[in-house]
file my_file_19.pdb (PDB, C-alpha atoms and all ligand atoms)
ATOM      1  CA  VAL Q 225    -176.650 -30.813  42.856
ATOM      2  CA  ALA Q 226    -173.713 -31.453  45.122
ATOM      3  CA  ILE Q 227    -174.150 -30.531  48.773
ATOM      4  CA  ALA Q 228    -171.042 -30.524  50.943
ATOM      5  CA  PHE Q 229    -170.706 -30.126  54.678
ATOM      6  CA  THR Q 230    -168.729 -31.421  57.637
ATOM      7  CA  ILE Q 231    -169.847 -33.590  60.528
ATOM      8  CA  GLU Q 232    -168.207 -34.577  63.780
ATOM      9  CA  ARG Q 233    -169.069 -37.093  66.453
ATOM     10  CA  VAL Q 234    -171.112 -35.775  69.341
ATOM     11  CA  ASP Q 235    -168.713 -37.394  71.850
ATOM     12  CA  GLY Q 236    -165.665 -35.830  70.166
ATOM     13  CA  GLN Q 237    -164.184 -39.276  69.427
ATOM     14  CA  PRO Q 238    -162.936 -40.265  65.985
ATOM     15  CA  PHE Q 239    -165.357 -42.034  63.690
ATOM     16  CA  THR Q 240    -164.843 -45.793  63.573
ATOM     17  CA  PHE Q 241    -164.513 -45.998  59.798
ATOM     18  CA  ASP Q 242    -162.202 -44.565  57.169
ATOM     19  CA  SER Q 243    -164.865 -43.679  54.662
ATOM     20  CA  VAL Q 244    -168.426 -44.628  53.853
ATOM     21  CA  THR Q 245    -170.713 -44.366  50.864
ATOM     22  CA  TYR Q 246    -174.287 -44.257  52.107
ATOM     23  CA  TYR Q 247    -177.314 -44.830  49.908
ATOM     24  CA  PRO Q 248    -180.751 -43.803  51.153
ATOM     25  CA  ALA Q 249    -183.184 -46.708  51.293
ATOM     26  CA  SER Q 250    -186.722 -46.154  50.076
ATOM     27  CA  ILE Q 251    -187.953 -48.791  52.494
ATOM     28  CA  ASP Q 252    -186.940 -46.466  55.335
ATOM     29  CA  THR Q 253    -187.911 -43.088  53.970
ATOM     30  CA  GLY Q 254    -189.436 -43.214  50.534
ATOM     31  CA  SER Q 255    -186.409 -41.074  49.802
ATOM     32  CA  MET Q 256    -186.089 -42.331  46.244
ATOM     33  CA  ASP Q 257    -188.635 -39.603  45.546
ATOM     34  CA  THR Q 258    -186.176 -36.924  46.622
ATOM     35  CA  GLY Q 259    -183.724 -37.888  43.895
ATOM     36  CA  ILE Q 260    -180.932 -38.282  46.451
ATOM     37  CA  ASP Q 261    -178.319 -40.527  44.903
ATOM     38  CA  TYR Q 262    -175.860 -41.088  47.733
ATOM     39  CA  ALA Q 263    -173.587 -39.414  50.246
ATOM     40  CA  THR Q 264    -169.883 -40.065  50.704
ATOM     41  CA  PHE Q 265    -168.159 -39.542  54.045
ATOM     42  CA  PHE Q 266    -164.399 -39.097  54.100
ATOM     43  CA  PRO Q 267    -161.969 -37.640  56.650
ATOM     44  CA  ILE Q 268    -160.409 -34.223  56.247
ATOM     45  CA  ARG Q 269    -156.923 -34.374  57.626
ATOM     46  CA  HIS Q 270    -156.332 -30.696  58.305
ATOM     47  CA  SER Q 271    -159.733 -29.749  59.587
ATOM     48  CA  PRO Q 272    -159.719 -26.978  62.216
ATOM     49  CA  ILE Q 273    -162.249 -28.973  64.247
ATOM     50  CA  GLY Q 274    -160.092 -32.084  64.652
ATOM     51  CA  GLN Q 275    -161.912 -35.348  63.945
ATOM     52  CA  ALA Q 276    -164.048 -34.030  61.129
ATOM     53  CA  MET Q 277    -165.675 -36.035  58.406
ATOM     54  CA  ARG Q 278    -166.508 -34.330  55.128
ATOM     55  CA  VAL Q 279    -169.776 -35.274  53.467
ATOM     56  CA  ASN Q 280    -170.530 -34.929  49.773
ATOM     57  CA  LEU Q 281    -174.168 -35.563  48.970
ATOM     58  CA  PHE Q 282    -175.265 -35.919  45.367
ATOM     59  CA  ALA Q 283    -178.880 -35.577  44.287
ATOM     60  CA  PHE Q 284    -181.089 -34.911  41.303
ATOM     61  CA  PRO Q 285    -183.927 -32.852  42.773
ATOM     62  CA  GLY Q 286    -186.781 -31.869  40.511
ATOM     63  CA  VAL Q 287    -187.769 -28.221  40.222
ATOM     64  CA  GLN Q 288    -190.816 -28.928  42.412
ATOM     65  CA  ASP Q 289    -188.803 -30.639  45.163
ATOM     66  CA  ALA Q 290    -188.911 -28.574  48.320
ATOM     67  CA  TRP Q 291    -186.543 -30.861  50.219
ATOM     68  CA  ALA Q 292    -183.440 -29.330  48.618
ATOM     69  CA  ARG Q 293    -184.356 -25.874  49.952
ATOM     70  CA  ARG Q 294    -185.236 -27.350  53.345
ATOM     71  CA  PHE Q 295    -181.865 -29.113  53.293
ATOM     72  CA  LEU Q 296    -180.094 -25.774  53.130
ATOM     73  CA  GLU Q 297    -182.222 -24.220  55.839
ATOM     74  CA  GLU Q 298    -182.523 -27.162  58.258
ATOM     75  CA  LEU Q 299    -179.598 -29.374  57.350
ATOM     76  CA  ALA Q 300    -179.393 -31.464  60.531
ATOM     77  CA  GLU Q 301    -183.137 -32.138  60.663
ATOM     78  CA  GLU Q 302    -183.451 -32.865  56.945
ATOM     79  CA  LEU Q 303    -180.453 -35.180  57.088
ATOM     80  CA  ARG Q 304    -182.229 -37.207  59.754
ATOM     81  CA  GLN Q 305    -185.374 -37.354  57.625
ATOM     82  CA  CYS Q 306    -183.522 -38.431  54.500
ATOM     83  CA  PHE Q 307    -181.094 -40.819  56.224
ATOM     84  CA  PRO Q 308    -183.001 -41.999  59.330
ATOM     85  CA  LYS Q 309    -180.613 -44.894  59.982
ATOM     86  CA  LEU Q 310    -177.392 -42.994  59.408
ATOM     87  CA  GLU Q 311    -176.765 -42.528  63.097
ATOM     88  CA  GLU Q 312    -177.036 -46.267  63.682
ATOM     89  CA  ALA Q 313    -174.413 -46.758  61.004
ATOM     90  CA  ILE Q 314    -171.840 -44.083  61.881
ATOM     91  CA  GLY Q 315    -172.641 -43.121  65.485
ATOM     92  CA  ALA Q 316    -174.163 -39.957  66.960
ATOM     93  CA  TYR Q 317    -173.020 -37.012  64.866
ATOM     94  CA  ARG Q 318    -173.627 -33.318  64.499
ATOM     95  CA  VAL Q 319    -173.185 -30.982  61.568
ATOM     96  CA  ALA Q 320    -170.241 -28.635  62.000
ATOM     97  CA  GLY Q 321    -169.465 -25.640  59.859
ATOM     98  CA  LYS Q 322    -171.265 -24.227  56.908
ATOM     99  CA  ILE Q 323    -172.935 -26.018  54.069
ATOM    100  CA  GLU Q 324    -171.754 -25.546  50.493
ATOM    101  CA  THR Q 325    -173.805 -26.305  47.426
ATOM    102  CA  SER Q 326    -173.110 -26.432  43.743
ATOM    103  CA  LEU Q 327    -175.521 -26.804  40.899
ATOM    104  CA  ILE Q 328    -173.896 -28.942  38.252
ATOM    105  CA  HIS Q 329    -174.865 -28.952  34.590
ATOM    106  CA  LEU Q 330    -173.242 -31.237  32.072
ATOM    107  CA  TYR Q 331    -171.351 -29.483  29.294
ATOM    108  CA  ARG Q 332    -168.995 -30.293  26.444
ATOM    109  CA  THR Q 333    -166.813 -27.869  24.511
ATOM    110  CA  GLU Q 334    -167.522 -27.963  20.796
ATOM    111  CA  GLY Q 335    -166.259 -26.088  17.768
ATOM    112  CA  ASP Q 336    -163.527 -26.226  15.155
ATOM    113  CA  VAL Q 337    -160.240 -27.828  16.077
ATOM    114  CA  GLN Q 338    -157.615 -25.159  16.688
ATOM    115  CA  PRO Q 339    -154.150 -26.269  15.476
ATOM    116  CA  GLY Q 340    -151.887 -26.959  18.448
ATOM    117  CA  ILE Q 341    -154.543 -26.364  21.112
ATOM    118  CA  VAL Q 342    -156.378 -29.050  23.072
ATOM    119  CA  LEU Q 343    -158.572 -28.870  26.141
ATOM    120  CA  ILE Q 344    -158.364 -31.624  28.714
ATOM    121  CA  GLY Q 345    -160.440 -32.750  31.701
ATOM    122  CA  ASP Q 346    -163.326 -30.580  32.816
ATOM    123  CA  ALA Q 347    -162.312 -27.815  30.427
ATOM    124  CA  ALA Q 348    -163.230 -30.115  27.546
ATOM    125  CA  GLN Q 349    -166.186 -31.920  29.113
ATOM    126  CA  ASN Q 350    -167.226 -32.213  32.726
ATOM    127  CA  ALA Q 351    -168.562 -35.300  34.454
ATOM    128  CA  CYS Q 352    -171.473 -35.692  36.831
ATOM    129  CA  PRO Q 353    -169.664 -35.965  40.192
ATOM    130  CA  SER Q 354    -171.860 -38.838  41.348
ATOM    131  CA  THR Q 355    -170.402 -41.023  38.578
ATOM    132  CA  GLY Q 356    -166.868 -40.697  39.982
ATOM    133  CA  MET Q 357    -165.675 -40.428  36.363
ATOM    134  CA  GLY Q 358    -164.071 -36.954  36.542
ATOM    135  CA  LEU Q 359    -160.579 -38.128  37.405
ATOM    136  CA  SER Q 360    -160.669 -41.107  35.020
ATOM    137  CA  LYS Q 361    -161.508 -38.640  32.303
ATOM    138  CA  VAL Q 362    -158.742 -36.160  33.061
ATOM    139  CA  PHE Q 363    -156.139 -38.934  33.551
ATOM    140  CA  THR Q 364    -157.179 -40.551  30.263
ATOM    141  CA  ASP Q 365    -156.839 -37.212  28.471
ATOM    142  CA  VAL Q 366    -153.365 -36.651  29.905
ATOM    143  CA  ASP Q 367    -152.252 -40.209  29.150
ATOM    144  CA  VAL Q 368    -153.557 -40.120  25.572
ATOM    145  CA  LEU Q 369    -151.915 -36.768  25.010
ATOM    146  CA  CYS Q 370    -148.541 -37.753  26.465
ATOM    147  CA  THR Q 371    -148.182 -41.331  25.245
ATOM    148  CA  GLU Q 372    -149.983 -41.334  21.907
ATOM    149  CA  CYS Q 373    -150.428 -37.841  20.496
ATOM    150  CA  VAL Q 374    -147.444 -35.682  21.405
ATOM    151  CA  PRO Q 375    -144.735 -38.225  20.385
ATOM    152  CA  GLU Q 376    -146.445 -38.642  17.004
ATOM    153  CA  TRP Q 377    -146.991 -34.908  16.513
ATOM    154  CA  PHE Q 378    -143.385 -34.044  17.307
ATOM    155  CA  ALA Q 379    -142.047 -36.750  15.003
ATOM    156  CA  SER Q 380    -142.691 -34.430  12.052
ATOM    157  CA  PRO Q 381    -142.538 -30.644  11.666
ATOM    158  CA  GLY Q 382    -145.592 -28.397  11.980
ATOM    159  CA  MET Q 383    -148.814 -28.572  13.955
ATOM    160  CA  SER Q 384    -151.780 -28.896  11.634
ATOM    161  CA  SER Q 385    -155.443 -29.197  12.552
ATOM    162  CA  GLU Q 386    -155.268 -32.830  11.407
ATOM    163  CA  LYS Q 387    -152.594 -33.559  13.970
ATOM    164  CA  THR Q 388    -154.515 -31.860  16.742
ATOM    165  CA  ALA Q 389    -157.741 -33.610  15.704
ATOM    166  CA  SER Q 390    -156.126 -36.975  16.441
ATOM    167  CA  PHE Q 391    -156.424 -36.133  20.142
ATOM    168  CA  TRP Q 392    -160.127 -35.348  19.954
ATOM    169  CA  ASN Q 393    -160.769 -38.444  17.832
ATOM    170  CA  ASN Q 394    -158.650 -40.811  19.901
ATOM    171  CA  PRO Q 395    -160.785 -43.945  20.530
ATOM    172  CA  ARG Q 396    -159.664 -44.289  24.157
ATOM    173  CA  LYS Q 397    -160.515 -40.667  24.936
ATOM    174  CA  ARG Q 398    -163.831 -40.835  23.093
ATOM    175  CA  ALA Q 399    -164.810 -44.041  24.893
ATOM    176  CA  THR Q 400    -164.064 -42.506  28.320
ATOM    177  CA  ASP Q 401    -165.929 -39.288  27.495
ATOM    178  CA  ALA Q 402    -168.898 -41.283  26.188
ATOM    179  CA  LYS Q 403    -168.943 -43.469  29.294
ATOM    180  CA  ALA Q 404    -168.979 -40.375  31.514
ATOM    181  CA  ILE Q 405    -172.108 -39.106  29.740
ATOM    182  CA  GLN Q 406    -173.763 -42.537  29.764
ATOM    183  CA  ASP Q 407    -173.071 -42.989  33.471
ATOM    184  CA  ALA Q 408    -174.441 -39.518  34.245
ATOM    185  CA  VAL Q 409    -177.670 -40.152  32.356
ATOM    186  CA  TYR Q 410    -177.994 -43.588  33.933
ATOM    187  CA  ARG Q 411    -177.524 -42.322  37.503
ATOM    188  CA  ARG Q 412    -180.099 -39.604  37.031
ATOM    189  CA  LYS Q 413    -182.628 -41.993  35.516
ATOM    190  CA  ALA Q 414    -181.970 -44.646  38.149
ATOM    191  CA  ARG Q 415    -182.851 -42.094  40.848
ATOM    192  CA  THR Q 416    -185.608 -40.069  39.268
ATOM    193  CA  GLU Q 417    -187.457 -41.907  36.485
ATOM    194  CA  SER Q 418    -190.970 -42.833  37.554
ATOM    195  CA  SER Q 419    -191.834 -45.472  34.947
ATOM    196  CA  LEU Q 420    -192.461 -49.032  36.144
ATOM    197  CA  ARG Q 421    -189.304 -50.230  34.440
ATOM    198  CA  TRP Q 422    -187.106 -47.862  36.437
ATOM    199  CA  LYS Q 423    -189.014 -48.471  39.661
ATOM    200  CA  ILE Q 424    -188.299 -52.187  39.290
ATOM    201  CA  HIS Q 425    -184.673 -51.396  38.489
ATOM    202  CA  ARG Q 426    -184.415 -49.274  41.659
ATOM    203  CA  ALA Q 427    -185.955 -52.024  43.771
ATOM    204  CA  ARG Q 428    -183.459 -54.537  42.378
ATOM    205  CA  LEU Q 429    -180.536 -52.190  43.015
ATOM    206  CA  GLU Q 430    -181.663 -51.626  46.568
ATOM    207  CA  PHE Q 431    -182.080 -55.342  47.153
ATOM    208  CA  ALA Q 432    -178.589 -55.988  45.803
ATOM    209  CA  MET Q 433    -177.154 -53.235  48.006
ATOM    210  CA  ARG Q 434    -178.921 -54.445  51.126
ATOM    211  CA  PHE Q 435    -177.961 -58.076  50.818
ATOM    212  CA  GLY Q 436    -175.209 -58.355  48.213
ATOM    213  CA  TRP Q 437    -172.962 -55.744  49.838
ATOM    214  CA  LYS Q 438    -173.334 -57.297  53.259
ATOM    215  CA  ARG Q 439    -172.074 -60.593  51.861
ATOM    216  CA  LYS Q 440    -169.280 -58.801  50.010
ATOM    217  CA  LEU Q 441    -168.243 -56.898  53.131
ATOM    218  CA  ALA Q 442    -168.199 -60.085  55.168
ATOM    219  CA  ALA Q 443    -166.136 -61.862  52.498
ATOM    220  CA  ASN Q 444    -163.670 -59.008  52.063
ATOM    221  CA  ASN Q 445    -163.381 -57.944  55.668
ATOM    222  CA  HIS Q 446    -159.915 -56.530  55.195
ATOM    223  CA  THR Q 447    -160.511 -52.785  55.472
ATOM    224  CA  SER Q 448    -158.873 -50.769  58.192
ATOM    225  CA  GLY Q 449    -161.229 -49.397  60.802
ATOM    226  CA  THR Q 450    -164.569 -51.040  61.493
ATOM    227  CA  PRO Q 451    -167.007 -50.660  58.636
ATOM    228  CA  PRO Q 452    -170.542 -50.080  59.857
ATOM    229  CA  GLN Q 453    -172.578 -53.213  59.310
ATOM    230  CA  ARG Q 454    -176.072 -51.854  59.770
ATOM    231  CA  ASN Q 455    -178.857 -51.224  57.303
ATOM    232  CA  GLY Q 456    -177.277 -52.748  54.205
ATOM    233  CA  GLN Q 457    -177.131 -49.242  52.778
ATOM    234  CA  MET Q 458    -173.455 -49.025  52.075
TER     235      MET Q 458
HETATM  236  C1  LIG B 501    -168.477 -31.926  44.538
HETATM  237  C2  LIG B 501    -167.688 -32.705  43.534
HETATM  238  C3  LIG B 501    -167.271 -33.981  43.841
HETATM  239  C4  LIG B 501    -166.538 -34.726  42.931
HETATM  240  N1  LIG B 501    -166.178 -36.011  43.244
HETATM  241  C5  LIG B 501    -165.454 -36.707  42.365
HETATM  242  C6  LIG B 501    -165.035 -38.045  42.697
HETATM  243  O1  LIG B 501    -165.329 -38.573  43.766
HETATM  244  N2  LIG B 501    -164.295 -38.725  41.775
HETATM  245  C7  LIG B 501    -163.948 -38.170  40.567
HETATM  246  O2  LIG B 501    -163.280 -38.835  39.777
HETATM  247  N3  LIG B 501    -164.326 -36.918  40.233
HETATM  248  C8  LIG B 501    -165.063 -36.175  41.104
HETATM  249  N4  LIG B 501    -165.448 -34.913  40.768
HETATM  250  C9  LIG B 501    -165.053 -34.357  39.460
HETATM  251  C10 LIG B 501    -163.580 -33.953  39.492
HETATM  252  O3  LIG B 501    -163.343 -33.118  40.617
HETATM  253  C11 LIG B 501    -163.232 -33.195  38.211
HETATM  254  O4  LIG B 501    -163.687 -33.900  37.090
HETATM  255  C12 LIG B 501    -161.725 -33.033  38.107
HETATM  256  O5  LIG B 501    -161.248 -32.300  39.219
HETATM  257  C13 LIG B 501    -161.373 -32.310  36.811
HETATM  258  O6  LIG B 501    -160.006 -32.013  36.818
HETATM  259  P1  LIG B 501    -159.453 -30.830  35.948
HETATM  260  O7  LIG B 501    -157.965 -30.826  36.181
HETATM  261  O8  LIG B 501    -159.933 -30.944  34.555
HETATM  262  O9  LIG B 501    -160.127 -29.503  36.527
HETATM  263  P2  LIG B 501    -159.995 -28.870  37.973
HETATM  264  O10 LIG B 501    -159.776 -29.929  39.014
HETATM  265  O11 LIG B 501    -161.171 -27.959  38.115
HETATM  266  O12 LIG B 501    -158.662 -28.036  37.893
HETATM  267  C14 LIG B 501    -158.610 -26.813  37.215
HETATM  268  C15 LIG B 501    -157.661 -25.925  38.010
HETATM  269  O13 LIG B 501    -157.391 -24.745  37.233
HETATM  270  C16 LIG B 501    -157.410 -23.647  38.110
HETATM  271  N5  LIG B 501    -157.703 -22.451  37.322
HETATM  272  C17 LIG B 501    -158.873 -22.074  36.781
HETATM  273  N6  LIG B 501    -158.743 -20.928  36.116
HETATM  274  C18 LIG B 501    -157.455 -20.568  36.221
HETATM  275  C19 LIG B 501    -156.685 -19.476  35.737
HETATM  276  N7  LIG B 501    -157.228 -18.530  34.986
HETATM  277  N8  LIG B 501    -155.378 -19.426  36.041
HETATM  278  C20 LIG B 501    -154.805 -20.413  36.788
HETATM  279  N9  LIG B 501    -155.477 -21.468  37.265
HETATM  280  C21 LIG B 501    -156.780 -21.548  36.989
HETATM  281  C22 LIG B 501    -158.511 -23.975  39.119
HETATM  282  O14 LIG B 501    -158.339 -23.241  40.311
HETATM  283  C23 LIG B 501    -158.251 -25.464  39.332
HETATM  284  O15 LIG B 501    -157.308 -25.717  40.346
HETATM  285  C24 LIG B 501    -166.191 -34.151  41.677
HETATM  286  C25 LIG B 501    -166.604 -32.841  41.352
HETATM  287  C26 LIG B 501    -167.352 -32.130  42.277
HETATM  288  C27 LIG B 501    -167.775 -30.728  41.912
END

call {"tool": "encode", "arguments": {"input": "my_file_19.pdb", "output": "C-alpha cells"}}
result
Amino acid sequence: VAIAFTIERVDGQPFTFDSVTYYPASIDTGSMDTGIDYATFFPIRHSPIGQAMRVNLFAFPGVQDAWARRFLEELAEELRQCFPKLEEAIGAYRVAGKIETSLIHLYRTEGDVQPGIVLIGDAAQNACPSTGMGLSKVFTDVDVLCTECVPEWFASPGMSSEKTASFWNNPRKRATDAKAIQDAVYRRKARTESSLRWKIHRARLEFAMRFGWKRKLAANNHTSGTPPQRNGQM
C-alpha cells in the first residue's frame, strides 16, 4: 500500500531539510512486523498551507495487520507509534490535510503482439512504488522505442508483428522490466518474510543503515539544508 499525507511544522517554520527517506527501526518499535518499508518526505511547492512536506509511506501489511486500518483512523498517533524518533529527526510536526491511500498490485500486460501498437510504462507493466523503478522503466521504454525501434521500423515499408515484437523483446527493456519485478519481490520479502534467513538479512540492513549511512552522510556532507543526523534511520 501507499499512504500519502502532508505534514507541517508545529511552529510554522520551514523544515530544515530538503527531503528525507526514513526507515523504521525495529530496535525502536518492533515495526518490522508491520511491514512498513519506508516513508519519503519531500516539499510541495504550491501547497495551500505554505511550508508543507508531503509524505509517501510504503508498506506491505498482511491481511491480519490491524495497524493499517488504525493508520487511517488515527494517523497522527499511529505515526508516532511506528516512527517514535521521527520528531527528533525532523522537528515537531503535525499532520495537515487528508490522508490518501492506494492499494497497489503488480501487473503486466500480456497477449499477442498487435502490429504497430506498443504499450509503454505503467500501461505495459507497473512497478512497486517503493522500488523507485517506475520512472526508469518508462524512460527506458521511451528511449528504446525512439532510438532503437522506430528508426529501424521506418527504414522499410510496412509494420509487421515481427517489427513490433522487437520492442517487447528488446534486451534493455526486458532487463529493466525484470529488475522492477525482482526489486519489488525483494523489498516485500525483506520487510515481511519471517524465516531466520530474512530476519538476519533485515538485521544486517538495519545495522548498515544505522552506521553506514551516518558515515556516508558525514563524508558527503554537501547537501543543501541540514540533514537530520539522529537515529541512523535515514
Ligand atoms: C504513490 C506512488 C509513488 C511513486 N513513487 C515513485 C518514485 O519515487 N519513483 C519512481 O520512479 N516511480 C514512482 N512511482 C511510479 C511512477 O509514478 C509510475 O511508474 C510512472 O508515473 C509511470 O508513468 P506512465 O507515464 O507510464 O504512467 P502515468 O504517470 O500514470 O501517466 C499516465 C497518464 O495518462 C493519463 N490518462 C489516463 N487515461 C487517459 C485517457 N483516457 N485520456 C487521456 N489521458 C489519460 C493519466 O491521467 C496520466 O497522466 C510511484 C507510484 C505511486 C503510485

call {"tool": "resolve_selection", "arguments": {"input": "my_file_19.pdb", "expression": "the PyMOL selection byres (((not hetatm)) within 9 of (chain B and resi 501))", "output": "PDB file with C-alpha atoms, in the frame of the given file"}}
result
ATOM      1  CA  VAL Q 225    -176.650 -30.813  42.856  1.00  0.00           C
ATOM      2  CA  ALA Q 226    -173.713 -31.453  45.122  1.00  0.00           C
ATOM      3  CA  ILE Q 227    -174.150 -30.531  48.773  1.00  0.00           C
ATOM      4  CA  ALA Q 228    -171.042 -30.524  50.943  1.00  0.00           C
ATOM      5  CA  THR Q 264    -169.883 -40.065  50.704  1.00  0.00           C
ATOM      6  CA  ASN Q 280    -170.530 -34.929  49.773  1.00  0.00           C
ATOM      7  CA  LEU Q 281    -174.168 -35.563  48.970  1.00  0.00           C
ATOM      8  CA  PHE Q 282    -175.265 -35.919  45.367  1.00  0.00           C
ATOM      9  CA  THR Q 325    -173.805 -26.305  47.426  1.00  0.00           C
ATOM     10  CA  SER Q 326    -173.110 -26.432  43.743  1.00  0.00           C
ATOM     11  CA  LEU Q 327    -175.521 -26.804  40.899  1.00  0.00           C
ATOM     12  CA  ILE Q 328    -173.896 -28.942  38.252  1.00  0.00           C
ATOM     13  CA  LEU Q 343    -158.572 -28.870  26.141  1.00  0.00           C
ATOM     14  CA  ILE Q 344    -158.364 -31.624  28.714  1.00  0.00           C
ATOM     15  CA  GLY Q 345    -160.440 -32.750  31.701  1.00  0.00           C
ATOM     16  CA  ASP Q 346    -163.326 -30.580  32.816  1.00  0.00           C
ATOM     17  CA  ALA Q 347    -162.312 -27.815  30.427  1.00  0.00           C
ATOM     18  CA  ALA Q 348    -163.230 -30.115  27.546  1.00  0.00           C
ATOM     19  CA  GLN Q 349    -166.186 -31.920  29.113  1.00  0.00           C
ATOM     20  CA  ASN Q 350    -167.226 -32.213  32.726  1.00  0.00           C
ATOM     21  CA  ALA Q 351    -168.562 -35.300  34.454  1.00  0.00           C
ATOM     22  CA  CYS Q 352    -171.473 -35.692  36.831  1.00  0.00           C
ATOM     23  CA  PRO Q 353    -169.664 -35.965  40.192  1.00  0.00           C
ATOM     24  CA  SER Q 354    -171.860 -38.838  41.348  1.00  0.00           C
ATOM     25  CA  THR Q 355    -170.402 -41.023  38.578  1.00  0.00           C
ATOM     26  CA  GLY Q 356    -166.868 -40.697  39.982  1.00  0.00           C
ATOM     27  CA  MET Q 357    -165.675 -40.428  36.363  1.00  0.00           C
ATOM     28  CA  GLY Q 358    -164.071 -36.954  36.542  1.00  0.00           C
ATOM     29  CA  LEU Q 359    -160.579 -38.128  37.405  1.00  0.00           C
ATOM     30  CA  SER Q 360    -160.669 -41.107  35.020  1.00  0.00           C
ATOM     31  CA  LYS Q 361    -161.508 -38.640  32.303  1.00  0.00           C
ATOM     32  CA  VAL Q 362    -158.742 -36.160  33.061  1.00  0.00           C
ATOM     33  CA  PHE Q 363    -156.139 -38.934  33.551  1.00  0.00           C
TER      34      PHE Q 363
END

call {"tool": "atom_distance", "arguments": {"input": "my_file_19.pdb", "atom1": "CA of Glu232 (chain Q)", "atom2": "CA of Phe265 (chain Q)"}}
result
10.9 Å

call {"tool": "resolve_selection", "arguments": {"input": "my_file_19.pdb", "expression": "the PyMOL selection byres (((chain Q and resi 337) around 12) and not hetatm)", "output": "list of chain:residue names"}}
result
Q:Thr333, Q:Glu334, Q:Gly335, Q:Asp336, Q:Gln338, Q:Pro339, Q:Gly340, Q:Ile341, Q:Val342, Q:Leu343, Q:Met383, Q:Ser384, Q:Ser385, Q:Glu386, Q:Lys387, Q:Thr388, Q:Ala389, Q:Ser390, Q:Phe391, Q:Trp392, Q:Asn393

call {"tool": "atom_distance", "arguments": {"input": "my_file_19.pdb", "atom1": "CA of Lys403 (chain Q)", "atom2": "CA of Ile424 (chain Q)"}}
result
23.5 Å

call {"tool": "resolve_selection", "arguments": {"input": "my_file_19.pdb", "expression": "the PyMOL selection byres (((chain Q and resi 286) around 12) and not hetatm)", "output": "MDAnalysis selection string"}}
result
chainID Q and resid 225 256:260 283:285 287:293 412 415:417

call {"tool": "closest_residue", "arguments": {"input": "my_file_19.pdb", "among": "Q:Ala320, Q:Lys413, Q:Arg421, Q:Glu302", "to": "Arg233 (chain Q)", "atoms": "all atoms listed in the file"}}
result
Q:Ala320

call {"tool": "closest_residue", "arguments": {"input": "my_file_19.pdb", "among": "Q:Val368, Q:Leu429, Q:Met277, Q:Ala313", "to": "Arg411 (chain Q)", "atoms": "only C-alpha atoms"}}
result
Q:Leu429

call {"tool": "atom_distance", "arguments": {"input": "my_file_19.pdb", "atom1": "CA of Tyr317 (chain Q)", "atom2": "CA of Ala300 (chain Q)"}}
result
9.5 Å

call {"tool": "closest_residue", "arguments": {"input": "my_file_19.pdb", "among": "Q:Val409, Q:Leu310, Q:Ile268, Q:Leu420", "to": "Tyr246 (chain Q)", "atoms": "all atoms listed in the file"}}
result
Q:Leu310

call {"tool": "axis_aligned_box", "arguments": {"input": "my_file_19.pdb", "around": "region 330-337 of chain Q", "padding_each_side": "8 Å", "output": "AutoDock Vina command-line options"}}
result
--center_x -166.7 --center_y -28.7 --center_z 23.6 --size_x 29.0 --size_y 21.1 --size_z 32.9

call {"tool": "decode", "arguments": {"input": "my_file_19.pdb", "residues": "region 324-335 of chain Q", "atoms": "N, CA and C atoms", "output": "PDB file, in the first residue's frame"}}
result
ATOM      1  N   GLU Q 324      -4.408  10.020   1.895  1.00  0.00           N
ATOM      2  CA  GLU Q 324      -4.824   9.289   0.684  1.00  0.00           C
ATOM      3  C   GLU Q 324      -4.127   7.935   0.672  1.00  0.00           C
ATOM      4  N   THR Q 325      -4.845   6.926   0.262  1.00  0.00           N
ATOM      5  CA  THR Q 325      -4.234   5.596   0.236  1.00  0.00           C
ATOM      6  C   THR Q 325      -4.445   4.964  -1.131  1.00  0.00           C
ATOM      7  N   SER Q 326      -3.496   4.156  -1.528  1.00  0.00           N
ATOM      8  CA  SER Q 326      -3.746   3.334  -2.714  1.00  0.00           C
ATOM      9  C   SER Q 326      -3.201   1.936  -2.497  1.00  0.00           C
ATOM     10  N   LEU Q 327      -3.994   0.997  -2.895  1.00  0.00           N
ATOM     11  CA  LEU Q 327      -3.613  -0.409  -2.820  1.00  0.00           C
ATOM     12  C   LEU Q 327      -2.984  -0.737  -4.171  1.00  0.00           C
ATOM     13  N   ILE Q 328      -1.758  -1.221  -4.129  1.00  0.00           N
ATOM     14  CA  ILE Q 328      -1.055  -1.423  -5.398  1.00  0.00           C
ATOM     15  C   ILE Q 328      -0.776  -2.905  -5.630  1.00  0.00           C
ATOM     16  N   HIS Q 329      -1.265  -3.405  -6.735  1.00  0.00           N
ATOM     17  CA  HIS Q 329      -0.973  -4.778  -7.154  1.00  0.00           C
ATOM     18  C   HIS Q 329      -0.056  -4.710  -8.363  1.00  0.00           C
ATOM     19  N   LEU Q 330       0.843  -5.679  -8.442  1.00  0.00           N
ATOM     20  CA  LEU Q 330       1.719  -5.709  -9.620  1.00  0.00           C
ATOM     21  C   LEU Q 330       0.962  -6.344 -10.782  1.00  0.00           C
ATOM     22  N   TYR Q 331       1.140  -5.787 -11.968  1.00  0.00           N
ATOM     23  CA  TYR Q 331       0.509  -6.370 -13.150  1.00  0.00           C
ATOM     24  C   TYR Q 331       1.424  -6.216 -14.362  1.00  0.00           C
ATOM     25  N   ARG Q 332       1.185  -7.044 -15.345  1.00  0.00           N
ATOM     26  CA  ARG Q 332       1.902  -6.952 -16.621  1.00  0.00           C
ATOM     27  C   ARG Q 332       0.918  -7.291 -17.727  1.00  0.00           C
ATOM     28  N   THR Q 333       0.920  -6.481 -18.788  1.00  0.00           N
ATOM     29  CA  THR Q 333       0.028  -6.747 -19.910  1.00  0.00           C
ATOM     30  C   THR Q 333       0.607  -7.872 -20.753  1.00  0.00           C
ATOM     31  N   GLU Q 334      -0.221  -8.853 -21.057  1.00  0.00           N
ATOM     32  CA  GLU Q 334       0.241  -9.973 -21.876  1.00  0.00           C
ATOM     33  C   GLU Q 334      -0.709 -10.166 -23.057  1.00  0.00           C
ATOM     34  N   GLY Q 335      -0.322 -10.967 -23.990  1.00  0.00           N
ATOM     35  CA  GLY Q 335      -1.182 -11.232 -25.142  1.00  0.00           C
ATOM     36  C   GLY Q 335      -0.383 -11.148 -26.433  1.00  0.00           C
TER      37      GLY Q 335
END
